[in-house]
Structure formats: structure tokens, C-alpha cells
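See below for upload-v7.csv, which holds CSV, N, CA and C atoms and all ligand atoms.
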```
chain,number,residue,atom,x,y,z
V,196,MET,N,334.5,18.6,-5.0
V,196,MET,CA,334.2,19.1,-6.3
V,196,MET,C,332.7,19.3,-6.4
V,197,ILE,N,332.3,20.4,-7.0
V,197,ILE,CA,330.9,20.7,-7.3
V,197,ILE,C,330.7,20.5,-8.8
V,198,VAL,N,329.8,19.6,-9.1
V,198,VAL,CA,329.5,19.4,-10.5
V,198,VAL,C,328.1,19.9,-10.9
V,199,LEU,N,327.9,20.6,-12.0
V,199,LEU,CA,326.6,21.0,-12.5
V,199,LEU,C,326.4,20.3,-13.8
V,200,ALA,N,325.3,19.5,-13.8
V,200,ALA,CA,325.0,18.6,-15.0
V,200,ALA,C,323.6,18.4,-15.2
V,201,SER,N,323.3,17.7,-16.3
V,201,SER,CA,321.9,17.3,-16.6
V,201,SER,C,321.5,16.0,-15.8
V,202,ILE,N,320.3,15.9,-15.4
V,202,ILE,CA,319.8,14.6,-14.8
V,202,ILE,C,319.9,13.5,-15.8
V,203,ARG,N,319.9,13.9,-17.1
V,203,ARG,CA,319.9,13.0,-18.2
V,203,ARG,C,321.3,12.5,-18.6
V,204,GLU,N,322.3,13.1,-17.9
V,204,GLU,CA,323.7,12.7,-18.3
V,204,GLU,C,324.4,12.3,-17.0
V,205,PRO,N,324.0,11.1,-16.5
V,205,PRO,CA,324.5,10.6,-15.2
V,205,PRO,C,326.0,10.3,-15.2
V,206,GLN,N,326.6,10.1,-16.4
V,206,GLN,CA,328.0,9.9,-16.5
V,206,GLN,C,328.9,11.0,-15.9
V,207,HIS,N,328.3,12.2,-15.8
V,207,HIS,CA,329.0,13.3,-15.2
V,207,HIS,C,328.8,13.5,-13.7
V,208,HIS,N,327.8,12.7,-13.1
V,208,HIS,CA,327.5,12.9,-11.7
V,208,HIS,C,328.6,12.4,-10.8
V,209,ARG,N,328.8,13.2,-9.7
V,209,ARG,CA,329.7,12.8,-8.6
V,209,ARG,C,329.1,13.1,-7.3
V,210,GLY,N,329.2,12.1,-6.4
V,210,GLY,CA,328.7,12.3,-5.0
V,210,GLY,C,327.2,12.4,-5.0
V,211,THR,N,326.7,13.1,-4.0
V,211,THR,CA,325.2,13.2,-3.8
V,211,THR,C,324.7,14.1,-4.9
V,212,VAL,N,323.5,13.8,-5.4
V,212,VAL,CA,322.9,14.5,-6.5
V,212,VAL,C,321.7,15.3,-5.9
V,213,PHE,N,321.6,16.6,-6.3
V,213,PHE,CA,320.6,17.5,-5.8
V,213,PHE,C,319.8,18.1,-7.0
V,214,ASN,N,318.5,18.2,-6.9
V,214,ASN,CA,317.7,18.8,-7.9
V,214,ASN,C,317.6,20.3,-7.7
V,215,ILE,N,318.0,21.0,-8.8
V,215,ILE,CA,317.9,22.5,-8.8
V,215,ILE,C,316.9,22.9,-9.9
V,216,ALA,N,316.1,22.0,-10.3
V,216,ALA,CA,315.1,22.4,-11.4
V,216,ALA,C,313.7,22.6,-10.8
V,217,THR,N,312.9,23.3,-11.5
V,217,THR,CA,311.5,23.6,-11.0
V,217,THR,C,310.7,22.3,-10.9
V,218,GLY,N,310.9,21.4,-11.8
V,218,GLY,CA,310.1,20.1,-11.8
V,218,GLY,C,310.7,19.2,-10.8
V,219,GLU,N,309.8,18.3,-10.3
V,219,GLU,CA,310.3,17.2,-9.3
V,219,GLU,C,311.1,16.2,-10.1
V,220,MET,N,312.0,15.5,-9.3
V,220,MET,CA,312.7,14.3,-9.8
V,220,MET,C,312.6,13.3,-8.7
V,221,LYS,N,312.1,12.1,-9.1
V,221,LYS,CA,311.8,11.1,-8.1
V,221,LYS,C,313.1,10.7,-7.4
V,222,GLY,N,313.1,10.8,-6.1
V,222,GLY,CA,314.2,10.3,-5.3
V,222,GLY,C,315.4,11.2,-5.3
V,223,VAL,N,315.3,12.4,-5.9
V,223,VAL,CA,316.4,13.4,-5.9
V,223,VAL,C,316.0,14.6,-5.0
V,224,PRO,N,316.7,14.8,-3.9
V,224,PRO,CA,316.4,15.9,-3.0
V,224,PRO,C,316.6,17.2,-3.7
V,225,ARG,N,315.7,18.2,-3.3
V,225,ARG,CA,315.7,19.5,-3.9
V,225,ARG,C,316.5,20.5,-3.1
V,226,LEU,N,317.2,21.4,-3.7
V,226,LEU,CA,317.8,22.6,-3.0
V,226,LEU,C,316.9,23.7,-3.4
V,227,GLU,N,315.8,24.0,-2.6
V,227,GLU,CA,314.8,24.9,-2.9
V,227,GLU,C,315.3,26.3,-3.2
V,228,PHE,N,316.3,26.7,-2.5
V,228,PHE,CA,316.8,28.1,-2.6
V,228,PHE,C,317.6,28.3,-3.9
V,229,LEU,N,317.9,27.3,-4.7
V,229,LEU,CA,318.5,27.4,-6.0
V,229,LEU,C,317.6,27.3,-7.2
V,230,ILE,N,316.3,27.0,-6.9
V,230,ILE,CA,315.4,26.6,-7.9
V,230,ILE,C,314.7,27.9,-8.4
V,231,PRO,N,314.7,28.1,-9.7
V,231,PRO,CA,314.1,29.3,-10.3
V,231,PRO,C,312.6,29.3,-10.2
V,232,GLY,N,311.9,30.4,-10.4
V,232,GLY,CA,310.5,30.4,-10.4
V,232,GLY,C,309.9,29.9,-11.7
V,233,TRP,N,308.7,29.3,-11.7
V,233,TRP,CA,308.1,28.8,-12.9
V,233,TRP,C,307.9,29.8,-14.0
V,234,LYS,N,307.6,31.1,-13.6
V,234,LYS,CA,307.3,32.1,-14.5
V,234,LYS,C,308.5,32.4,-15.5
V,235,ILE,N,309.7,32.5,-14.9
V,235,ILE,CA,310.9,32.8,-15.8
V,235,ILE,C,311.2,31.6,-16.6
V,236,VAL,N,311.1,30.4,-16.0
V,236,VAL,CA,311.4,29.2,-16.7
V,236,VAL,C,310.5,29.0,-17.9
V,237,ARG,N,309.1,29.2,-17.7
V,237,ARG,CA,308.2,29.1,-18.8
V,237,ARG,C,308.4,30.1,-19.9
V,238,ASP,N,308.6,31.4,-19.5
V,238,ASP,CA,308.8,32.4,-20.4
V,238,ASP,C,310.0,32.2,-21.3
V,239,HIS,N,311.1,31.6,-20.6
V,239,HIS,CA,312.3,31.4,-21.4
V,239,HIS,C,312.1,30.2,-22.3
V,240,GLN,N,311.4,29.1,-21.9
V,240,GLN,CA,311.2,28.0,-22.7
V,240,GLN,C,310.3,28.4,-24.0
V,241,ARG,N,309.4,29.3,-23.8
V,241,ARG,CA,308.5,29.7,-24.9
V,241,ARG,C,309.2,30.8,-25.8
V,242,GLY,N,310.4,31.1,-25.4
V,242,GLY,CA,311.1,32.1,-26.2
V,242,GLY,C,310.6,33.6,-26.1
V,243,LYS,N,309.9,33.8,-25.0
V,243,LYS,CA,309.4,35.1,-24.7
V,243,LYS,C,310.5,36.1,-24.2
V,244,ILE,N,311.5,35.5,-23.5
V,244,ILE,CA,312.5,36.3,-22.9
V,244,ILE,C,313.9,35.8,-23.4
V,245,THR,N,314.9,36.7,-23.3
V,245,THR,CA,316.3,36.3,-23.6
V,245,THR,C,317.0,35.7,-22.4
V,246,ASN,N,318.2,35.2,-22.7
V,246,ASN,CA,319.0,34.6,-21.6
V,246,ASN,C,319.3,35.7,-20.5
V,247,ASP,N,319.6,36.9,-21.0
V,247,ASP,CA,319.9,38.0,-20.1
V,247,ASP,C,318.6,38.4,-19.3
V,248,GLN,N,317.5,38.4,-19.9
V,248,GLN,CA,316.2,38.7,-19.1
V,248,GLN,C,315.9,37.6,-18.1
V,249,TYR,N,316.2,36.4,-18.4
V,249,TYR,CA,316.1,35.3,-17.4
V,249,TYR,C,316.9,35.6,-16.2
V,250,ILE,N,318.1,36.0,-16.4
V,250,ILE,CA,319.0,36.3,-15.2
V,250,ILE,C,318.7,37.6,-14.6
V,251,TYR,N,318.5,38.7,-15.4
V,251,TYR,CA,318.4,40.0,-14.8
V,251,TYR,C,317.0,40.6,-14.6
V,252,GLY,N,316.0,39.9,-15.1
V,252,GLY,CA,314.6,40.4,-15.0
V,252,GLY,C,314.1,41.1,-16.2
V,253,TYR,N,312.8,41.4,-16.2
V,253,TYR,CA,312.2,42.0,-17.4
V,253,TYR,C,310.8,42.5,-17.0
V,254,ARG,N,310.2,43.2,-18.0
V,254,ARG,CA,308.8,43.6,-17.8
V,254,ARG,C,307.9,42.7,-18.6
V,255,ASP,N,306.9,42.1,-17.9
V,255,ASP,CA,306.1,41.2,-18.6
V,255,ASP,C,305.2,41.9,-19.7
V,256,SER,N,305.2,41.4,-20.9
V,256,SER,CA,304.5,42.1,-22.0
V,256,SER,C,303.0,42.1,-21.8
V,257,GLU,N,302.5,41.1,-21.1
V,257,GLU,CA,301.0,41.1,-21.0
V,257,GLU,C,300.5,41.9,-19.7
V,258,THR,N,301.2,41.7,-18.6
V,258,THR,CA,300.7,42.3,-17.4
V,258,THR,C,301.4,43.7,-17.1
V,259,ASN,N,302.5,43.9,-17.8
V,259,ASN,CA,303.3,45.1,-17.6
V,259,ASN,C,304.0,45.2,-16.2
V,260,GLN,N,304.0,44.0,-15.6
V,260,GLN,CA,304.6,43.9,-14.2
V,260,GLN,C,306.1,43.6,-14.4
V,261,ALA,N,306.9,44.1,-13.4
V,261,ALA,CA,308.3,43.7,-13.4
V,261,ALA,C,308.5,42.3,-12.9
V,262,VAL,N,309.2,41.5,-13.6
V,262,VAL,CA,309.4,40.1,-13.2
V,262,VAL,C,310.9,40.0,-12.8
V,263,PRO,N,311.2,39.6,-11.5
V,263,PRO,CA,312.5,39.4,-11.1
V,263,PRO,C,313.2,38.2,-11.8
V,264,GLY,N,314.5,38.5,-12.2
V,264,GLY,CA,315.2,37.4,-12.9
V,264,GLY,C,315.9,36.5,-11.8
V,265,TYR,N,316.6,35.5,-12.3
V,265,TYR,CA,317.2,34.5,-11.4
V,265,TYR,C,318.2,35.2,-10.4
V,266,ARG,N,318.9,36.2,-10.9
V,266,ARG,CA,319.8,36.8,-10.0
V,266,ARG,C,319.1,37.4,-8.8
V,267,GLN,N,318.0,38.1,-9.1
V,267,GLN,CA,317.2,38.8,-8.0
V,267,GLN,C,316.6,37.7,-7.1
V,268,ILE,N,316.2,36.6,-7.7
V,268,ILE,CA,315.6,35.5,-6.9
V,268,ILE,C,316.6,35.0,-5.9
V,269,LEU,N,317.8,34.8,-6.4
V,269,LEU,CA,318.9,34.3,-5.5
V,269,LEU,C,319.2,35.3,-4.4
V,270,GLN,N,319.2,36.6,-4.8
V,270,GLN,CA,319.4,37.6,-3.8
V,270,GLN,C,318.4,37.7,-2.7
V,271,SER,N,317.1,37.4,-3.1
V,271,SER,CA,316.0,37.4,-2.1
V,271,SER,C,316.1,36.3,-1.2
V,272,ARG,N,316.9,35.3,-1.5
V,272,ARG,CA,317.0,34.1,-0.7
V,272,ARG,C,318.5,34.0,-0.1
V,273,TRP,N,319.1,35.1,-0.1
V,273,TRP,CA,320.6,35.1,0.1
V,273,TRP,C,321.0,34.5,1.5
V,274,PRO,N,320.2,34.6,2.6
V,274,PRO,CA,320.6,33.9,3.8
V,274,PRO,C,320.8,32.4,3.6
V,275,ALA,N,319.8,31.8,2.9
V,275,ALA,CA,319.9,30.4,2.6
V,275,ALA,C,321.0,30.0,1.7
V,276,VAL,N,321.2,30.8,0.6
V,276,VAL,CA,322.2,30.6,-0.4
V,276,VAL,C,323.6,30.7,0.2
V,277,SER,N,323.8,31.8,1.0
V,277,SER,CA,325.0,32.0,1.6
V,277,SER,C,325.4,31.0,2.7
V,278,THR,N,324.4,30.5,3.5
V,278,THR,CA,324.7,29.4,4.4
V,278,THR,C,325.1,28.2,3.7
V,279,TRP,N,324.5,27.9,2.6
V,279,TRP,CA,324.8,26.7,1.8
V,279,TRP,C,326.2,26.8,1.2
V,280,LEU,N,326.6,28.0,0.6
V,280,LEU,CA,327.9,28.2,0.1
V,280,LEU,C,329.0,28.0,1.1
V,281,LYS,N,328.7,28.5,2.3
V,281,LYS,CA,329.7,28.4,3.4
V,281,LYS,C,329.9,26.9,3.8
V,282,SER,N,328.8,26.1,3.7
V,282,SER,CA,328.8,24.7,4.1
V,282,SER,C,329.5,23.8,3.2
V,283,LEU,N,329.8,24.2,2.0
V,283,LEU,CA,330.4,23.3,1.0
V,283,LEU,C,331.8,23.0,1.4
V,284,GLU,N,332.2,21.7,1.2
V,284,GLU,CA,333.6,21.3,1.5
V,284,GLU,C,334.3,20.7,0.3
V,285,ALA,N,335.5,21.1,0.2
V,285,ALA,CA,336.3,20.8,-1.0
V,285,ALA,C,336.4,19.3,-1.2
V,286,GLN,N,336.4,18.5,-0.1
V,286,GLN,CA,336.6,17.1,-0.2
V,286,GLN,C,335.3,16.3,-0.5
V,287,ILE,N,334.2,17.0,-0.3
V,287,ILE,CA,332.9,16.3,-0.5
V,287,ILE,C,332.3,16.7,-1.9
V,288,ASP,N,332.2,15.6,-2.7
V,288,ASP,CA,331.7,15.8,-4.1
V,288,ASP,C,330.1,15.9,-4.0
V,289,LEU,N,329.6,16.8,-4.8
V,289,LEU,CA,328.1,16.8,-5.0
V,289,LEU,C,327.8,17.4,-6.4
V,290,THR,N,326.6,17.0,-6.8
V,290,THR,CA,326.2,17.4,-8.2
V,290,THR,C,324.8,18.0,-8.1
V,291,LEU,N,324.7,19.2,-8.8
V,291,LEU,CA,323.5,19.9,-8.9
V,291,LEU,C,322.9,19.6,-10.3
V,292,VAL,N,321.7,19.1,-10.4
V,292,VAL,CA,321.1,18.8,-11.7
V,292,VAL,C,319.8,19.5,-12.0
V,293,CYS,N,319.6,19.8,-13.3
V,293,CYS,CA,318.3,20.1,-13.8
V,293,CYS,C,318.1,19.3,-15.1
V,294,PHE,N,317.0,19.6,-15.8
V,294,PHE,CA,316.7,18.7,-16.9
V,294,PHE,C,317.4,19.1,-18.2
V,295,CYS,N,317.9,20.3,-18.3
V,295,CYS,CA,318.6,20.8,-19.6
V,295,CYS,C,319.8,19.9,-19.9
V,296,LYS,N,319.9,19.6,-21.2
V,296,LYS,CA,321.1,18.9,-21.6
V,296,LYS,C,322.2,19.9,-21.8
V,297,GLU,N,323.4,19.4,-21.8
V,297,GLU,CA,324.6,20.3,-21.9
V,297,GLU,C,324.6,20.9,-23.3
V,298,TYR,N,324.3,20.1,-24.3
V,298,TYR,CA,324.3,20.6,-25.7
V,298,TYR,C,323.0,20.3,-26.4
V,299,GLU,N,322.6,21.2,-27.3
V,299,GLU,CA,321.4,21.0,-28.1
V,299,GLU,C,321.8,21.3,-29.5
V,300,ASN,N,321.6,20.4,-30.4
V,300,ASN,CA,322.0,20.6,-31.8
V,300,ASN,C,323.5,21.0,-31.9
V,301,GLY,N,324.3,20.4,-31.0
V,301,GLY,CA,325.8,20.6,-31.1
V,301,GLY,C,326.2,21.9,-30.5
V,302,LYS,N,325.2,22.7,-29.9
V,302,LYS,CA,325.6,24.0,-29.3
V,302,LYS,C,325.4,23.9,-27.8
V,303,SER,N,326.2,24.6,-27.1
V,303,SER,CA,326.1,24.7,-25.6
V,303,SER,C,324.7,25.4,-25.3
V,304,LYS,N,324.0,24.8,-24.4
V,304,LYS,CA,322.6,25.3,-24.1
V,304,LYS,C,322.6,26.2,-22.9
V,305,PHE,N,321.9,27.4,-23.0
V,305,PHE,CA,321.8,28.2,-21.8
V,305,PHE,C,321.0,27.5,-20.7
V,306,CYS,N,321.5,27.7,-19.5
V,306,CYS,CA,320.8,27.1,-18.3
V,306,CYS,C,321.3,27.8,-17.1
V,307,HIS,N,320.4,27.8,-16.0
V,307,HIS,CA,320.8,28.5,-14.8
V,307,HIS,C,322.0,27.9,-14.1
V,308,ARG,N,322.4,26.7,-14.5
V,308,ARG,CA,323.6,26.0,-14.0
V,308,ARG,C,324.8,26.9,-14.2
V,309,GLN,N,324.8,27.6,-15.4
V,309,GLN,CA,326.0,28.5,-15.7
V,309,GLN,C,326.1,29.6,-14.7
V,310,TYR,N,324.9,30.2,-14.3
V,310,TYR,CA,324.9,31.3,-13.4
V,310,TYR,C,325.3,30.8,-12.0
V,311,ILE,N,324.8,29.6,-11.6
V,311,ILE,CA,325.2,29.1,-10.3
V,311,ILE,C,326.7,28.8,-10.2
V,312,LYS,N,327.3,28.3,-11.3
V,312,LYS,CA,328.7,28.1,-11.3
V,312,LYS,C,329.4,29.4,-11.0
V,313,ALA,N,329.0,30.5,-11.6
V,313,ALA,CA,329.6,31.8,-11.4
V,313,ALA,C,329.5,32.3,-9.9
V,314,VAL,N,328.3,32.0,-9.4
V,314,VAL,CA,328.1,32.4,-8.0
V,314,VAL,C,329.0,31.6,-7.0
V,315,ILE,N,329.1,30.3,-7.2
V,315,ILE,CA,329.9,29.5,-6.4
V,315,ILE,C,331.4,30.0,-6.5
V,316,GLU,N,331.8,30.2,-7.7
V,316,GLU,CA,333.2,30.6,-7.9
V,316,GLU,C,333.5,32.0,-7.4
V,317,CYS,N,332.5,32.8,-7.3
V,317,CYS,CA,332.7,34.1,-6.8
V,317,CYS,C,332.9,34.1,-5.3
V,318,TYR,N,332.2,33.2,-4.6
V,318,TYR,CA,332.3,33.1,-3.1
V,318,TYR,C,333.2,32.1,-2.6
V,319,ARG,N,333.5,31.0,-3.4
V,319,ARG,CA,334.3,30.0,-2.9
V,319,ARG,C,335.5,29.7,-3.9
V,320,LEU,N,336.5,30.5,-3.8
V,320,LEU,CA,337.7,30.3,-4.7
V,320,LEU,C,338.4,29.0,-4.5
V,321,ASP,N,338.2,28.4,-3.3
V,321,ASP,CA,338.8,27.2,-3.0
V,321,ASP,C,338.2,25.9,-3.6
V,322,LEU,N,337.0,26.0,-4.2
V,322,LEU,CA,336.3,24.9,-4.7
V,322,LEU,C,336.5,24.7,-6.2
V,323,GLU,N,336.6,23.4,-6.6
V,323,GLU,CA,336.6,23.1,-8.0
V,323,GLU,C,335.2,23.0,-8.5
V,324,VAL,N,334.8,23.7,-9.5
V,324,VAL,CA,333.4,23.7,-10.0
V,324,VAL,C,333.5,23.2,-11.5
V,325,ILE,N,332.8,22.2,-11.7
V,325,ILE,CA,332.8,21.6,-13.1
V,325,ILE,C,331.4,21.8,-13.7
V,326,LEU,N,331.3,22.5,-14.8
V,326,LEU,CA,330.0,22.7,-15.5
V,326,LEU,C,329.9,21.8,-16.7
V,327,HIS,N,328.9,21.0,-16.8
V,327,HIS,CA,328.6,20.2,-18.0
V,327,HIS,C,327.4,20.8,-18.7
A,401,ZN,ZN,318.6,23.9,-16.7
```
Transcribe the structure of this file into C-alpha cells.
Amino acid sequence: MIVLASIREPQHHRGTVFNIATGEMKGVPRLEFLIPGWKIVRDHQRGKITNDQYIYGYRDSETNQAVPGYRQILQSRWPAVSTWLKSLEAQIDLTLVCFCKEYENGKSKFCHRQYIKAVIECYRLDLEVILH
């Protein structure tokens, strides 16, 4: 089972826990190829970009440069992502965590965990993926 959850909600964690957030977590190993860039994380936190822009990319309003979204970031690292996807085993539980809580003010919160869930489900129909 693959679980996607917040580091702050350990009641959901199963098996080995891996950090997929830009920030460090003490004692939690990082899966670098799933970690988004600081630029899109900061712009999203500041409300400069939408959820769709975070995933699909956008043009930076200050520099006029194209900024790759999370989808393009994963594509650029596809050899590592694909090797990892193939290595997953149905019997081995693991949890991918970032800092975002599942809900904020009673509403489901946007987070790259949602996109990772879709990627895993697309390539590994045999795995159970639980998103919190
Ligand atoms: Zn998150």
C-alpha cells in the first residue's frame, strides 16, 4: 500500500516514511525525484499561481520566463521516477509525506500528493494508493 499523507498526521502513516517536500525533515529520507522546485512552491504559497499553474507551468509575471510546473519537473526526471514506480511492491507499505495538512478550514487542501497519486495509479494499476 502506498500512502500519501502529511508529516503532521502520523496516524495515517504506514511502513517506511519518505519526505517528498522541498523542506528537510529530520530523520526522514528524501525522494529527491518527487520533490517540487522551491519556485513553484513559493509562488503557490504566496497565491501568485493557481493549482493548475503549479502542475502545468506558467509565465512568471516579473521575469516573463516560462516556469515548468510539477508535471514537467517529473517528466524531466522520468528515468528516476519510472525506476522507482517499477520498484514498488504491493506487499510493502510506504508513506510519502509533505508538510501540507489534508484539510484546511474543513476543506481538502491542494497539494502535489494528489498529482503523485494520479501518476502512481496511471502506471501501477496493481497498487493500492491511499491519499490523505
Ligand atoms: Zn504538500
Next on the checklist: List as a list in words the protein and nucleic acid residues near stretch 214-227 of chain V, meaning an atom at most 6 Å away when all atoms listed in the file are counted, but skip any in the same chain fewer than 2 places from it.
Outcome noted: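 Contacts, in chain order: Val212, Leu229, Ile230, Pro231, Leu291, Val292, Cys293 and Phe294 of chain V.
Taking atom N of V:His239 and atom C of V:Gly210 as endpoints, the distance between them is 29.5 Å.
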Next on the checklist: Can you measure atom CA of V:Glu284 to atom C of V:Arg319 for me? One decimal in Å is fine.
Outcome noted: 10.2 Å
Nearby residues, ligand ZN 401 (chain A), 6 Å, all atoms listed in the file, as a PDB file with N, CA and C atoms, in the frame of the given file:
```
ATOM      1  N   CYS V 293     319.600  19.800 -13.300  1.00  0.00           N
ATOM      2  CA  CYS V 293     318.300  20.100 -13.800  1.00  0.00           C
ATOM      3  C   CYS V 293     318.100  19.300 -15.100  1.00  0.00           C
ATOM      4  N   PHE V 294     317.000  19.600 -15.800  1.00  0.00           N
ATOM      5  CA  PHE V 294     316.700  18.700 -16.900  1.00  0.00           C
ATOM      6  C   PHE V 294     317.400  19.100 -18.200  1.00  0.00           C
ATOM      7  N   CYS V 295     317.900  20.300 -18.300  1.00  0.00           N
ATOM      8  CA  CYS V 295     318.600  20.800 -19.600  1.00  0.00           C
ATOM      9  C   CYS V 295     319.800  19.900 -19.900  1.00  0.00           C
ATOM     10  N   PHE V 305     321.900  27.400 -23.000  1.00  0.00           N
ATOM     11  CA  PHE V 305     321.800  28.200 -21.800  1.00  0.00           C
ATOM     12  C   PHE V 305     321.000  27.500 -20.700  1.00  0.00           C
ATOM     13  N   CYS V 306     321.500  27.700 -19.500  1.00  0.00           N
ATOM     14  CA  CYS V 306     320.800  27.100 -18.300  1.00  0.00           C
ATOM     15  C   CYS V 306     321.300  27.800 -17.100  1.00  0.00           C
ATOM     16  N   HIS V 307     320.400  27.800 -16.000  1.00  0.00           N
ATOM     17  CA  HIS V 307     320.800  28.500 -14.800  1.00  0.00           C
ATOM     18  C   HIS V 307     322.000  27.900 -14.100  1.00  0.00           C
ATOM     19  N   ARG V 308     322.400  26.700 -14.500  1.00  0.00           N
ATOM     20  CA  ARG V 308     323.600  26.000 -14.000  1.00  0.00           C
ATOM     21  C   ARG V 308     324.800  26.900 -14.200  1.00  0.00           C
TER      22      ARG V 308
END
```
Checklist entry - Contacts of stretch 266-268 of chain V at 6 Å or less, counting all atoms listed in the file, minus same-chain residues fewer than 4 places along, as a ChimeraX atom specification? => result /V:249-251,272
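Between atom CA of V:Ile244 and atom N of V:Ser256 the separation is 9.1 Å.
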